[in-house]
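Coordinates as given in run.txt (compact mmCIF, C-alpha atoms and all ligand atoms):
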```txt
# COMPACT_ATOMS: atom_id res chain seq x y z
CA MET A 1 94.66 106.64 117.83
CA ALA A 2 96.99 106.56 120.82
CA MET A 3 96.12 102.96 121.67
CA ILE A 4 95.26 101.60 118.23
CA ASN A 5 96.94 98.28 117.54
CA ALA A 6 99.21 98.56 120.58
CA TYR A 7 100.90 95.59 122.25
CA ALA A 8 99.42 95.26 125.74
CA GLY A 9 101.70 92.61 127.20
CA LYS A 10 99.21 89.80 126.57
CA GLY A 11 100.28 88.04 123.37
CA ALA A 12 102.35 84.85 123.20
CA VAL A 13 105.87 86.23 122.96
CA ALA A 14 109.00 84.06 122.57
CA ALA A 15 111.36 84.16 125.56
CA GLU A 16 114.09 85.98 123.63
CA ASP A 17 111.69 88.75 122.51
CA ARG A 18 110.23 89.00 126.01
CA ARG A 19 113.73 89.78 127.27
CA LEU A 20 114.22 92.38 124.53
CA ILE A 21 110.87 94.01 125.40
CA ALA A 22 111.93 94.24 129.06
CA ARG A 23 115.29 95.79 128.12
CA ARG A 24 113.52 98.16 125.74
CA GLU A 25 111.07 99.31 128.41
CA ALA A 26 113.94 99.75 130.84
CA VAL A 27 115.70 102.20 128.57
CA LEU A 28 112.88 103.78 126.53
CA GLY A 29 110.42 104.27 129.38
CA PRO A 30 106.63 104.17 129.28
CA ALA A 31 105.62 106.37 126.31
CA TYR A 32 106.54 104.00 123.46
CA ARG A 33 104.12 101.45 121.95
CA LEU A 34 104.80 98.30 120.00
CA PHE A 35 102.42 97.13 117.29
CA TYR A 36 100.36 93.91 117.50
CA GLU A 37 99.29 91.54 120.29
CA THR A 38 102.47 89.63 119.57
CA PRO A 39 105.11 92.18 118.52
CA VAL A 40 107.21 91.47 115.45
CA HIS A 41 111.01 91.60 115.49
CA PHE A 42 112.61 92.30 112.14
CA VAL A 43 116.24 92.05 111.17
CA ARG A 44 116.13 92.85 107.45
CA GLY A 45 113.98 94.41 104.74
CA GLU A 46 113.88 94.23 100.95
CA GLY A 47 111.24 95.66 98.60
CA VAL A 48 107.82 94.92 100.11
CA TRP A 49 109.20 92.25 102.45
CA LEU A 50 110.40 92.33 106.04
CA TYR A 51 112.28 89.38 107.52
CA ASP A 52 112.41 88.20 111.11
CA SER A 53 115.37 86.48 112.73
CA ASN A 54 114.07 83.04 111.63
CA GLY A 55 114.20 84.22 108.03
CA ASP A 56 110.39 84.31 107.80
CA ALA A 57 109.13 86.91 105.31
CA TYR A 58 106.28 89.31 106.15
CA LEU A 59 104.40 91.18 103.44
CA ASP A 60 104.56 94.86 104.35
CA ALA A 61 101.23 96.44 103.43
CA TYR A 62 101.58 99.28 105.90
CA ASN A 63 104.81 101.17 105.39
CA ASN A 64 104.44 104.54 103.72
CA VAL A 65 107.98 105.69 104.46
CA VAL A 66 109.86 103.25 102.26
CA SER A 67 107.64 104.08 99.30
CA VAL A 68 110.16 102.85 96.74
CA GLY A 69 110.81 99.67 98.75
CA HIS A 70 112.75 98.67 101.85
CA CYS A 71 116.51 99.18 101.51
CA ARG A 72 116.06 100.35 97.93
CA PRO A 73 119.58 100.04 96.44
CA GLU A 74 119.49 103.32 94.44
CA VAL A 75 118.62 105.30 97.58
CA VAL A 76 121.08 103.42 99.78
CA GLU A 77 123.83 104.05 97.22
CA ALA A 78 122.98 107.75 96.89
CA ILE A 79 123.14 108.17 100.68
CA ALA A 80 126.40 106.23 100.94
CA ARG A 81 128.00 108.04 98.00
CA GLN A 82 127.18 111.52 99.28
CA SER A 83 128.08 110.58 102.88
CA ALA A 84 131.54 109.61 101.67
CA VAL A 85 132.08 112.95 99.91
CA LEU A 86 130.51 115.75 101.95
CA ASN A 87 127.74 116.29 104.47
CA THR A 88 127.32 119.76 105.91
CA HIS A 89 124.44 122.20 106.34
CA THR A 90 122.63 124.83 104.31
CA ARG A 91 124.96 127.72 105.17
CA TYR A 92 127.54 126.75 102.58
CA LEU A 93 126.90 126.80 98.88
CA HIS A 94 126.12 123.36 97.51
CA ASP A 95 124.64 122.16 94.24
CA GLY A 96 122.66 119.34 95.84
CA ILE A 97 120.01 121.39 97.64
CA VAL A 98 119.47 123.67 94.64
CA ALA A 99 119.22 120.86 92.10
CA TYR A 100 116.87 118.86 94.32
CA SER A 101 114.71 121.89 95.09
CA GLU A 102 114.35 122.71 91.39
CA ARG A 103 113.36 119.12 90.65
CA LEU A 104 110.93 118.93 93.58
CA LEU A 105 109.26 122.28 92.90
CA ALA A 106 108.68 121.27 89.28
CA LYS A 107 106.22 118.72 90.68
CA PHE A 108 104.04 121.50 92.17
CA PRO A 109 101.75 124.10 90.64
CA SER A 110 103.97 127.04 89.65
CA GLU A 111 102.69 129.37 92.41
CA LEU A 112 104.30 127.11 95.04
CA SER A 113 107.80 128.13 94.13
CA HIS A 114 109.79 128.06 97.37
CA VAL A 115 110.80 125.05 99.44
CA MET A 116 112.16 124.90 103.00
CA TYR A 117 113.64 121.81 104.63
CA THR A 118 113.17 120.09 107.97
CA CYS A 119 113.87 116.55 109.16
CA THR A 120 110.35 115.49 110.19
CA GLY A 121 106.76 116.09 109.18
CA SER A 122 106.07 117.49 112.66
CA GLU A 123 108.71 120.16 112.17
CA ALA A 124 107.34 120.94 108.71
CA ASN A 125 103.87 121.52 110.15
CA ASP A 126 105.35 123.48 113.04
CA LEU A 127 107.18 125.76 110.63
CA ALA A 128 104.07 126.10 108.46
CA LEU A 129 102.10 127.31 111.47
CA ARG A 130 104.80 129.77 112.50
CA ILE A 131 104.70 131.24 109.02
CA ALA A 132 100.87 131.24 108.95
CA LYS A 133 100.80 133.16 112.24
CA ASN A 134 103.33 135.62 110.93
CA VAL A 135 101.60 136.38 107.65
CA THR A 136 97.99 136.50 108.94
CA GLY A 137 98.61 137.97 112.39
CA GLY A 138 96.21 135.27 113.62
CA THR A 139 96.75 132.45 116.10
CA GLY A 140 93.70 130.23 115.52
CA PHE A 141 93.80 126.90 113.69
CA VAL A 142 91.18 124.53 112.31
CA VAL A 143 91.84 120.78 112.00
CA THR A 144 89.69 117.65 111.66
CA GLU A 145 88.31 115.82 114.68
CA LEU A 146 90.79 112.95 114.58
CA ALA A 147 93.69 114.60 112.83
CA TYR A 148 97.32 113.70 113.41
CA HIS A 149 99.84 116.31 112.33
CA GLY A 150 102.82 115.50 114.54
CA GLY A 151 104.47 115.53 117.91
CA THR A 152 105.98 118.93 118.75
CA ASP A 153 104.25 120.79 121.58
CA LEU A 154 102.47 123.09 119.13
CA ILE A 155 101.51 120.35 116.68
CA ALA A 156 100.47 117.78 119.31
CA GLY A 157 97.92 120.46 120.27
CA LEU A 158 96.57 120.21 116.72
CA SER A 159 96.52 116.39 116.74
CA PRO A 160 93.28 115.32 118.47
CA SER A 161 93.91 111.69 117.54
CA LEU A 162 96.53 111.60 120.32
CA GLY A 163 93.56 111.28 122.66
CA PRO A 164 92.14 113.17 125.63
CA ALA A 165 95.40 113.06 127.59
CA VAL A 166 96.96 115.49 125.11
CA ASP A 167 95.36 118.93 125.42
CA LEU A 168 94.24 120.62 122.25
CA GLY A 169 95.60 124.12 121.97
CA GLU A 170 93.22 126.82 123.23
CA HIS A 171 93.41 128.31 119.77
CA VAL A 172 92.42 125.09 118.01
CA ARG A 173 88.97 124.11 116.75
CA THR A 174 88.06 120.75 115.26
CA VAL A 175 85.62 119.88 112.48
CA PRO A 176 83.98 116.51 111.76
CA ALA A 177 85.75 114.53 109.06
CA PRO A 178 83.98 114.18 105.71
CA ASP A 179 82.57 110.76 106.62
CA THR A 180 81.39 109.26 103.36
CA LEU A 181 79.25 106.63 105.09
CA LYS A 182 77.27 109.22 107.04
CA VAL A 183 76.94 111.99 104.48
CA PRO A 184 75.72 111.49 100.89
CA ALA A 185 78.42 112.20 98.30
CA GLY A 186 76.55 115.21 96.87
CA LYS A 187 76.43 116.91 100.26
CA LEU A 188 79.92 116.07 101.50
CA GLY A 189 81.53 119.31 100.33
CA SER A 190 78.96 121.57 102.00
CA TYR A 191 78.91 119.38 105.13
CA PHE A 192 82.66 119.72 105.57
CA ALA A 193 82.61 123.43 104.67
CA ASP A 194 79.81 124.07 107.21
CA GLY A 195 82.07 122.55 109.89
CA VAL A 196 84.93 124.80 108.85
CA ARG A 197 82.69 127.90 108.83
CA ALA A 198 81.38 127.05 112.30
CA ALA A 199 84.92 126.54 113.63
CA ILE A 200 86.05 129.88 112.22
CA ALA A 201 83.00 131.62 113.69
CA ASP A 202 83.69 130.05 117.09
CA LEU A 203 87.33 131.20 117.06
CA LYS A 204 86.20 134.73 116.24
CA ARG A 205 83.52 134.73 118.95
CA HIS A 206 86.27 133.96 121.43
CA GLY A 207 88.35 136.84 120.18
CA ILE A 208 90.84 134.61 118.40
CA LYS A 209 91.92 135.62 114.92
CA PRO A 210 92.12 132.49 112.72
CA ALA A 211 95.37 131.80 110.88
CA ALA A 212 94.96 128.55 108.94
CA LEU A 213 92.97 125.50 108.01
CA LEU A 214 95.29 122.46 108.21
CA VAL A 215 94.12 119.28 106.47
CA ASP A 216 95.66 115.89 105.75
CA THR A 217 94.27 115.49 102.24
CA ILE A 218 93.67 111.72 102.59
CA PHE A 219 92.31 111.98 106.18
CA SER A 220 94.56 109.11 107.31
CA SER A 221 93.81 109.16 111.02
CA ASP A 222 90.17 110.25 110.65
CA GLY A 223 89.40 107.00 108.82
CA VAL A 224 90.64 107.51 105.20
CA TYR A 225 88.28 109.69 103.16
CA SER A 226 89.13 110.20 99.52
CA ASP A 227 86.04 110.63 97.36
CA PRO A 228 84.41 112.35 95.57
CA PRO A 229 87.69 114.12 94.91
CA ASP A 230 86.37 117.67 95.08
CA PHE A 231 84.81 117.71 98.53
CA LEU A 232 87.58 119.95 99.91
CA ARG A 233 86.89 122.80 97.53
CA GLU A 234 84.06 124.57 99.38
CA ALA A 235 85.84 124.35 102.74
CA VAL A 236 89.06 125.77 101.32
CA ALA A 237 87.13 128.61 99.70
CA ALA A 238 85.33 129.32 102.99
CA ALA A 239 88.64 129.43 104.86
CA ARG A 240 90.21 131.70 102.24
CA ASP A 241 87.21 134.05 102.29
CA ALA A 242 87.63 134.40 106.05
CA GLY A 243 91.32 135.31 105.65
CA LEU A 244 92.83 131.95 106.64
CA LEU A 245 95.66 130.19 104.86
CA PHE A 246 95.09 126.67 103.61
CA VAL A 247 97.87 124.26 104.61
CA ALA A 248 97.77 120.85 102.90
CA ASP A 249 99.51 118.17 104.97
CA GLU A 250 100.91 115.80 102.33
CA VAL A 251 103.03 113.77 104.73
CA GLN A 252 100.76 110.74 104.08
CA PRO A 253 99.24 111.16 100.61
CA GLY A 254 102.18 112.92 98.93
CA PHE A 255 104.73 111.57 96.46
CA GLY A 256 102.25 109.69 94.30
CA ARG A 257 100.57 107.44 96.87
CA THR A 258 97.00 108.30 95.84
CA GLY A 259 97.73 107.21 92.26
CA ASP A 260 95.66 109.99 90.71
CA ALA A 261 98.18 112.74 91.36
CA MET A 262 101.54 113.45 92.91
CA TRP A 263 99.79 115.31 95.75
CA GLY A 264 96.49 114.69 97.51
CA PHE A 265 95.44 118.33 97.19
CA LEU A 266 95.66 118.08 93.38
CA ARG A 267 93.01 115.33 93.42
CA HIS A 268 90.72 117.83 95.12
CA ASP A 269 91.67 120.62 92.73
CA VAL A 270 92.45 123.07 95.54
CA ALA A 271 95.37 125.49 95.77
CA PRO A 272 97.21 125.47 99.09
CA ASP A 273 99.29 128.33 100.45
CA ILE A 274 101.65 125.86 102.10
CA VAL A 275 102.16 122.13 101.48
CA THR A 276 103.92 120.09 104.15
CA LEU A 277 105.97 117.02 103.21
CA GLY A 278 107.65 114.17 105.02
CA LYS A 279 107.73 110.40 105.39
CA PRO A 280 108.35 108.99 101.86
CA MET A 281 110.48 111.93 100.77
CA GLY A 282 113.79 110.17 101.57
CA ASN A 283 112.56 106.55 101.67
CA GLY A 284 113.64 106.33 105.32
CA TYR A 285 116.28 109.05 105.40
CA PRO A 286 114.85 111.88 107.55
CA ILE A 287 114.08 114.60 105.05
CA ALA A 288 110.89 116.66 105.22
CA GLY A 289 109.85 120.22 104.49
CA LEU A 290 107.34 122.50 102.92
CA ALA A 291 106.50 124.04 99.56
CA ILE A 292 105.15 127.55 99.86
CA ARG A 293 103.94 130.56 97.90
CA PRO A 294 106.67 133.22 97.93
CA GLU A 295 104.32 135.98 99.10
CA VAL A 296 103.33 133.90 102.14
CA VAL A 297 106.90 133.51 103.38
CA GLU A 298 108.11 136.97 102.32
CA ALA A 299 107.59 138.85 105.59
CA PHE A 300 108.62 135.87 107.72
CA GLY A 301 111.83 135.47 105.73
CA ARG A 302 112.77 139.10 106.11
CA SER A 303 112.23 139.15 109.87
CA SER A 304 113.15 135.62 110.96
CA ARG A 305 116.29 133.73 110.15
CA TYR A 306 115.56 130.07 109.37
CA PHE A 307 118.03 127.28 110.03
CA ASN A 308 117.61 123.56 110.64
CA THR A 309 120.92 121.79 111.31
CA PHE A 310 120.19 118.58 109.41
CA GLY A 311 117.36 119.78 107.18
CA GLY A 312 118.32 119.92 103.52
CA SER A 313 121.85 118.58 104.01
CA PRO A 314 123.69 117.21 100.96
CA VAL A 315 122.95 113.64 102.06
CA ALA A 316 119.26 114.40 102.68
CA CYS A 317 118.95 115.95 99.23
CA ALA A 318 120.80 113.03 97.61
CA ALA A 319 118.29 110.65 99.21
CA GLY A 320 115.38 112.82 98.03
CA MET A 321 116.78 112.95 94.49
CA ALA A 322 117.20 109.17 94.34
CA VAL A 323 113.59 108.70 95.49
CA LEU A 324 112.33 110.95 92.68
CA ASP A 325 114.51 109.02 90.20
CA VAL A 326 112.93 105.71 91.20
CA LEU A 327 109.39 107.13 91.36
CA GLU A 328 109.74 108.40 87.80
CA LYS A 329 111.73 105.51 86.35
CA GLU A 330 109.29 102.91 87.64
CA ARG A 331 106.16 105.03 87.19
CA LEU A 332 105.17 104.30 90.76
CA GLN A 333 102.30 106.78 90.84
CA GLU A 334 100.72 104.81 87.97
CA ASN A 335 101.51 101.59 89.80
CA ALA A 336 99.77 102.95 92.88
CA ARG A 337 96.70 103.79 90.81
CA GLU A 338 96.53 100.43 89.05
CA VAL A 339 97.41 98.14 91.93
CA GLY A 340 95.36 100.22 94.36
CA ALA A 341 92.25 99.98 92.15
CA TYR A 342 92.82 96.25 91.75
CA LEU A 343 93.29 95.73 95.49
CA ARG A 344 90.14 97.70 96.34
CA SER A 345 88.11 95.70 93.82
CA GLN A 346 89.44 92.41 95.22
CA VAL A 347 88.63 93.45 98.80
CA LYS A 348 85.14 94.56 97.70
CA GLY A 349 84.69 91.13 96.13
CA LEU A 350 85.28 89.34 99.45
CA SER A 351 81.55 89.53 100.31
CA SER A 352 82.12 89.42 104.04
CA SER A 353 79.42 90.63 106.39
CA PHE A 354 82.12 92.42 108.37
CA VAL A 355 83.17 94.72 105.52
CA ALA A 356 81.03 97.87 105.66
CA ASP A 357 82.98 100.00 103.19
CA VAL A 358 86.09 99.91 101.02
CA ARG A 359 87.51 103.31 100.14
CA GLY A 360 90.69 105.18 99.39
CA ALA A 361 92.81 106.27 96.48
CA GLY A 362 95.78 104.50 94.96
CA LEU A 363 97.71 102.62 97.62
CA PHE A 364 96.03 104.31 100.57
CA ILE A 365 93.06 102.11 101.37
CA GLY A 366 90.58 102.15 104.24
CA VAL A 367 88.30 99.18 104.91
CA GLU A 368 85.60 100.01 107.41
CA ILE A 369 84.71 97.05 109.60
CA ALA A 370 81.38 96.55 111.35
CA ALA A 371 80.54 93.77 113.79
CA ASN A 372 77.59 91.70 112.55
CA ASP A 373 76.15 91.16 116.03
CA LYS A 374 76.36 92.82 119.44
CA SER A 375 78.77 90.31 120.99
CA ARG A 376 81.85 92.24 119.81
CA THR A 377 82.53 95.87 118.99
CA ASP A 378 83.62 97.07 115.56
CA GLY A 379 87.04 97.88 117.01
CA GLU A 380 87.40 94.37 118.49
CA ILE A 381 86.67 92.77 115.13
CA THR A 382 89.13 95.14 113.45
CA ALA A 383 91.81 94.22 116.01
CA ARG A 384 91.14 90.49 115.35
CA ILE A 385 91.67 91.09 111.63
CA VAL A 386 94.86 93.13 112.08
CA ASN A 387 96.34 90.52 114.43
CA GLY A 388 95.06 87.61 112.35
CA LEU A 389 96.84 89.04 109.32
CA ARG A 390 99.99 89.52 111.39
CA GLU A 391 99.82 85.79 112.30
CA ARG A 392 99.66 85.09 108.56
CA ARG A 393 102.65 87.39 108.08
CA VAL A 394 100.85 90.29 106.46
CA LEU A 395 101.27 93.72 108.05
CA ILE A 396 98.55 96.35 108.18
CA SER A 397 97.07 98.45 111.00
CA ALA A 398 93.89 100.32 111.91
CA THR A 399 92.56 103.85 112.04
CA GLY A 400 89.29 105.73 112.45
CA PRO A 401 87.10 106.97 115.32
CA LYS A 402 86.56 103.53 116.88
CA ALA A 403 89.77 101.95 115.57
CA ASN A 404 87.35 100.32 113.14
CA VAL A 405 88.97 100.97 109.78
CA LEU A 406 91.69 98.72 108.36
CA LYS A 407 94.53 100.93 107.16
CA ILE A 408 96.26 99.40 104.14
CA ARG A 409 99.14 101.52 102.89
CA PRO A 410 101.93 99.47 101.33
CA PRO A 411 105.13 100.67 99.67
CA LEU A 412 104.35 101.93 96.16
CA VAL A 413 106.29 99.04 94.62
CA PHE A 414 103.44 96.70 95.70
CA SER A 415 102.43 94.44 92.80
CA LYS A 416 99.12 92.79 91.82
CA ASN A 417 100.66 89.55 92.99
CA ASN A 418 101.29 91.15 96.41
CA ALA A 419 97.68 92.39 96.39
CA ASP A 420 96.50 88.80 95.79
CA GLN A 421 98.67 87.59 98.70
CA LEU A 422 97.11 90.21 100.96
CA VAL A 423 93.55 89.43 99.84
CA ASP A 424 94.04 85.66 100.27
CA ALA A 425 95.20 86.23 103.84
CA LEU A 426 92.37 88.68 104.52
CA ARG A 427 89.81 86.20 103.17
CA ALA A 428 91.17 83.49 105.47
CA VAL A 429 91.08 85.79 108.50
CA LEU A 430 87.53 87.02 107.77
CA ASN A 431 86.36 83.42 107.38
CA SER A 432 87.89 82.52 110.72
CA LEU A 433 86.06 85.23 112.69
N1 LIG B 501 101.34 114.67 109.34
C1 LIG B 501 100.74 113.49 109.13
C2 LIG B 501 99.48 113.43 108.32
C3 LIG B 501 101.31 112.31 109.66
O1 LIG B 501 100.71 111.15 109.45
C4 LIG B 501 102.51 112.40 110.40
C5 LIG B 501 103.19 111.16 110.97
N2 LIG B 501 102.42 110.06 111.17
C6 LIG B 501 103.08 113.66 110.61
C7 LIG B 501 102.48 114.76 110.05
C8 LIG B 501 104.32 113.83 111.45
O2 LIG B 501 105.44 113.35 110.79
P1 LIG B 501 106.76 112.94 111.62
O3 LIG B 501 106.44 111.69 112.38
O4 LIG B 501 107.80 112.77 110.55
O5 LIG B 501 107.06 114.07 112.51
```
As structure tokens, how would this structure be written, given the file I've shared?
Amino acid sequence: MAMINAYAGKGAVAAEDRRLIARREAVLGPAYRLFYETPVHFVRGEGVWLYDSNGDAYLDAYNNVVSVGHCRPEVVEAIARQSAVLNTHTRYLHDGIVAYSERLLAKFPSELSHVMYTCTGSEANDLALRIAKNVTGGTGFVVTELAYHGGTDLIAGLSPSLGPAVDLGEHVRTVPAPDTLKVPAGKLGSYFADGVRAAIADLKRHGIKPAALLVDTIFSSDGVYSDPPDFLREAVAAARDAGLLFVADEVQPGFGRTGDAMWGFLRHDVAPDIVTLGKPMGNGYPIAGLAIRPEVVEAFGRSSRYFNTFGGSPVACAAGMAVLDVLEKERLQENAREVGAYLRSQVKGLSSSFVADVRGAGLFIGVEIAANDKSRTDGEITARIVNGLRERRVLISATGPKANVLKIRPPLVFSKNNADQLVDALRAVLNSL
């Protein structure tokens, strides 16, 4: 994943942007990556559209942060209004954090009745693992082979998709993703559970007590695996039986994206001990956190003080509240289900020899690409498609083990008309290959 869709200095870049890239590298150093062979330079966003400095509009079919649309006025106004009144931290009494927490927790099964706030998904996962270690007394973790859970030192060690240069933690074991092209649907649950059982056994053989199974419930960086929507059940039961917690990472699928449910874990009918949240929660304002069973955080809470300077501030909670307002008012989960199903059916109808599979739920769609001869790799064809779409001003990216899966993940306000625009561009690019 580290090098997927990364600018490599080769594309045709306008002189002005070339200068900006040089200045950027001079100050940001070598670890940052830009997207696309020819990077894009935006100056404005609105709804599903991003605009460059020439005023050209790009259809954003990739951004899962601004779920309710770029620069969504209700969220902008809520942030501005609260910023003008008060913005402090969680050590003073304030209505905002309590009202938002009550509203947010009402969206979860009743046993998940506490919420804790961070600013990023990485921090939410980091906190989840601290709590899991505390309550189980274990230190071992199980994740999928190409998982991404974030960038802190601890969590980078549980994010194998960062590539071989980033060491996995010694206490981390990986399991193969539930690859629906390799494993028949009826066997997917036991296949994934067998991997989890083997990982737990291996931790124990090395004298490591396991603490948790951590899963992104839409398998975003593994290649997008969504169906049949019960294949997680056996693995979660196996983890529970062995004394592990189950942590559902909802940073990608959460807040209605999968269309079928508010949370990805609900599609799979499994009950997490901890659910981590992020990205779309504040539509671009950095608010993240976790929902947790009270008994899981009880001992941790008594022994460890928790504070996060910006997490759960009045402005963060105002942003979160405005996002929930828009999600509900515009029935965006339903929109994700309808438009997502339509988009998948249109992509399936393209009848291109390069399209090996179309999968996903709601507005999280994976299109597996396979080269139709040996002259190019699957990943090269996928890169041609991603960059060809970018030339036609449609933004997506790629994922999967060989960077061979188109990742289509637009804001939830995406319409059928937007889906048609995307499919028309995709058809043109596939025909040009
Ligand atoms: N979990 C998943 C599944 C993610 O995709 C990401 C971010 N891509 C994170 C956690 C980390 O979130 P953040 O970048 O806000 O730290």
Within-10 Å residues of ligand LIG 501 (chain B), basis only C-alpha atoms and all ligand atoms, as a ChimeraX atom specification: /A:64-65,118-126,147-152,155-156,159,214-221,248-254,276-280,286-289
Pick from A:Leu158, A:Ala26, A:Val48, A:Ala198: nearest to Asn418 in chain A, with all atoms listed in the file counted?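 Ranked by minimum distance to Asn418 in chain A, first place goes to A:Val48.
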CA of Gly140 in chain A sits from CA of Ala238 in chain A at a separation of 15.1 Å
So that I can check the surroundings of Ile365 in chain A, please list as an MDAnalysis selection string every protein, DNA and RNA residue that reaches within 7 Å of it, counting all atoms listed in the file and ignoring chain neighbours fewer than 6 positions away. chainID A and resid 359 407:409
For CA of Val40 in chain A and CA of Val13 in chain A, determine how far apart the two atoms are, in Å to one decimal place.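 About the pair CA of Val40 in chain A and CA of Val13 in chain A: they are 9.3 Å apart.
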Would you mind listing, for every residue of range 219-316 of chain A within 8 Å of range 400-406 of chain A, the two atoms forming the shortest contact and the distance between them in Å to one decimal, using only C-alpha atoms, sorted by chain and ascending residue number, as CSV?
```
residue,atom,partner,partner_atom,distance
A:Ser221,CA,A:Gly400,CA,5.9
A:Asp222,CA,A:Gly400,CA,4.9
A:Gly223,CA,A:Gly400,CA,3.8
A:Val224,CA,A:Gly400,CA,7.6
```
Taking C-alpha atoms for each residue, export the selection above as a PDB file, keeping the file's coordinate frame.
```pdb
ATOM      1  CA  SER A 221      93.810 109.160 111.020  1.00  0.00           C
ATOM      2  CA  ASP A 222      90.170 110.250 110.650  1.00  0.00           C
ATOM      3  CA  GLY A 223      89.400 107.000 108.820  1.00  0.00           C
ATOM      4  CA  VAL A 224      90.640 107.510 105.200  1.00  0.00           C
TER       5      VAL A 224
END
```
Return as a Markdown table the residues of range 43-126 of chain A lying at most 12 Å from range 374-390 of chain A, together with the closest atom-to-atom pair for each and the distance in Å to one decimal, counting all atoms listed in the file, with rows in chain order and ascending residue number.
```
| residue | atom | partner | partner_atom | distance |
| --- | --- | --- | --- | --- |
| A:Ala57 | CA | A:Arg390 | CA | 11.3 |
| A:Tyr58 | CA | A:Arg390 | CA | 8.2 |
| A:Leu59 | CA | A:Arg390 | CA | 9.2 |
| A:Asp60 | CA | A:Arg390 | CA | 9.9 |
| A:Ala61 | CA | A:Leu389 | CA | 10.4 |
| A:Tyr62 | CA | A:Val386 | CA | 11.0 |
```
Could you tell me which of A:Val394, A:Ala370, A:Ala78, A:Leu324 comes closest to Lys107 in chain A if we count only C-alpha atoms? A:Leu324
Distance criterion (only C-alpha atoms): nearest to Gly186 in chain A out of A:Gly45, A:Gly312, A:Pro229, A:Gly137: A:Pro229
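Nearest to Ser161 in chain A of all the residues A:Pro210, A:Leu129, A:Ile4, A:Phe255 is A:Ile4, counting only C-alpha atoms.
Among the candidates A:Leu412, A:Ala318, A:Leu112, A:Ala132, the one nearest to Leu363 in chain A when counting all atoms listed in the file is A:Leu412.
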In Å to one decimal, how far is CA of Phe141 in chain A from CA of Asp260 in chain A?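 Between these atoms lies a distance of 28.6 Å.
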Nearest to Lys348 in chain A by atom-to-atom distance, counting only C-alpha atoms, from A:Leu290, A:Val297, A:Leu426, A:Ala193: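 The shortest atom-to-atom distance to Lys348 in chain A comes from A:Leu426.
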Incomplete range 6-19 of chain A filled out to N, CA and C atoms as a compact mmCIF listing (two decimals), keeping the file's coordinate frame:
```txt
# COMPACT_ATOMS: atom_id res chain seq x y z
N ALA A 6 98.03 98.53 119.71
CA ALA A 6 99.21 98.56 120.58
C ALA A 6 99.36 97.25 121.35
N TYR A 7 100.58 96.78 121.45
CA TYR A 7 100.90 95.59 122.25
C TYR A 7 100.58 95.91 123.72
N ALA A 8 99.84 94.99 124.36
CA ALA A 8 99.42 95.26 125.74
C ALA A 8 100.00 94.24 126.71
N GLY A 9 101.04 93.55 126.29
CA GLY A 9 101.70 92.61 127.20
C GLY A 9 101.00 91.27 127.31
N LYS A 10 100.02 91.02 126.39
CA LYS A 10 99.21 89.80 126.57
C LYS A 10 99.53 88.69 125.55
N GLY A 11 100.08 89.04 124.42
CA GLY A 11 100.28 88.04 123.37
C GLY A 11 101.33 87.00 123.74
N ALA A 12 101.35 85.91 122.96
CA ALA A 12 102.35 84.85 123.20
C ALA A 12 103.67 85.30 122.60
N VAL A 13 104.61 85.68 123.45
CA VAL A 13 105.87 86.23 122.96
C VAL A 13 107.01 85.26 123.31
N ALA A 14 107.87 84.97 122.34
CA ALA A 14 109.00 84.06 122.57
C ALA A 14 109.91 84.64 123.67
N ALA A 15 110.57 83.75 124.40
CA ALA A 15 111.36 84.16 125.56
C ALA A 15 112.40 85.23 125.19
N GLU A 16 113.04 85.04 124.05
CA GLU A 16 114.09 85.98 123.63
C GLU A 16 113.51 87.40 123.40
N ASP A 17 112.32 87.45 122.75
CA ASP A 17 111.69 88.75 122.51
C ASP A 17 111.16 89.35 123.80
N ARG A 18 110.71 88.48 124.71
CA ARG A 18 110.23 89.00 126.01
C ARG A 18 111.38 89.72 126.73
N ARG A 19 112.56 89.13 126.64
CA ARG A 19 113.73 89.78 127.27
C ARG A 19 114.04 91.11 126.59
```
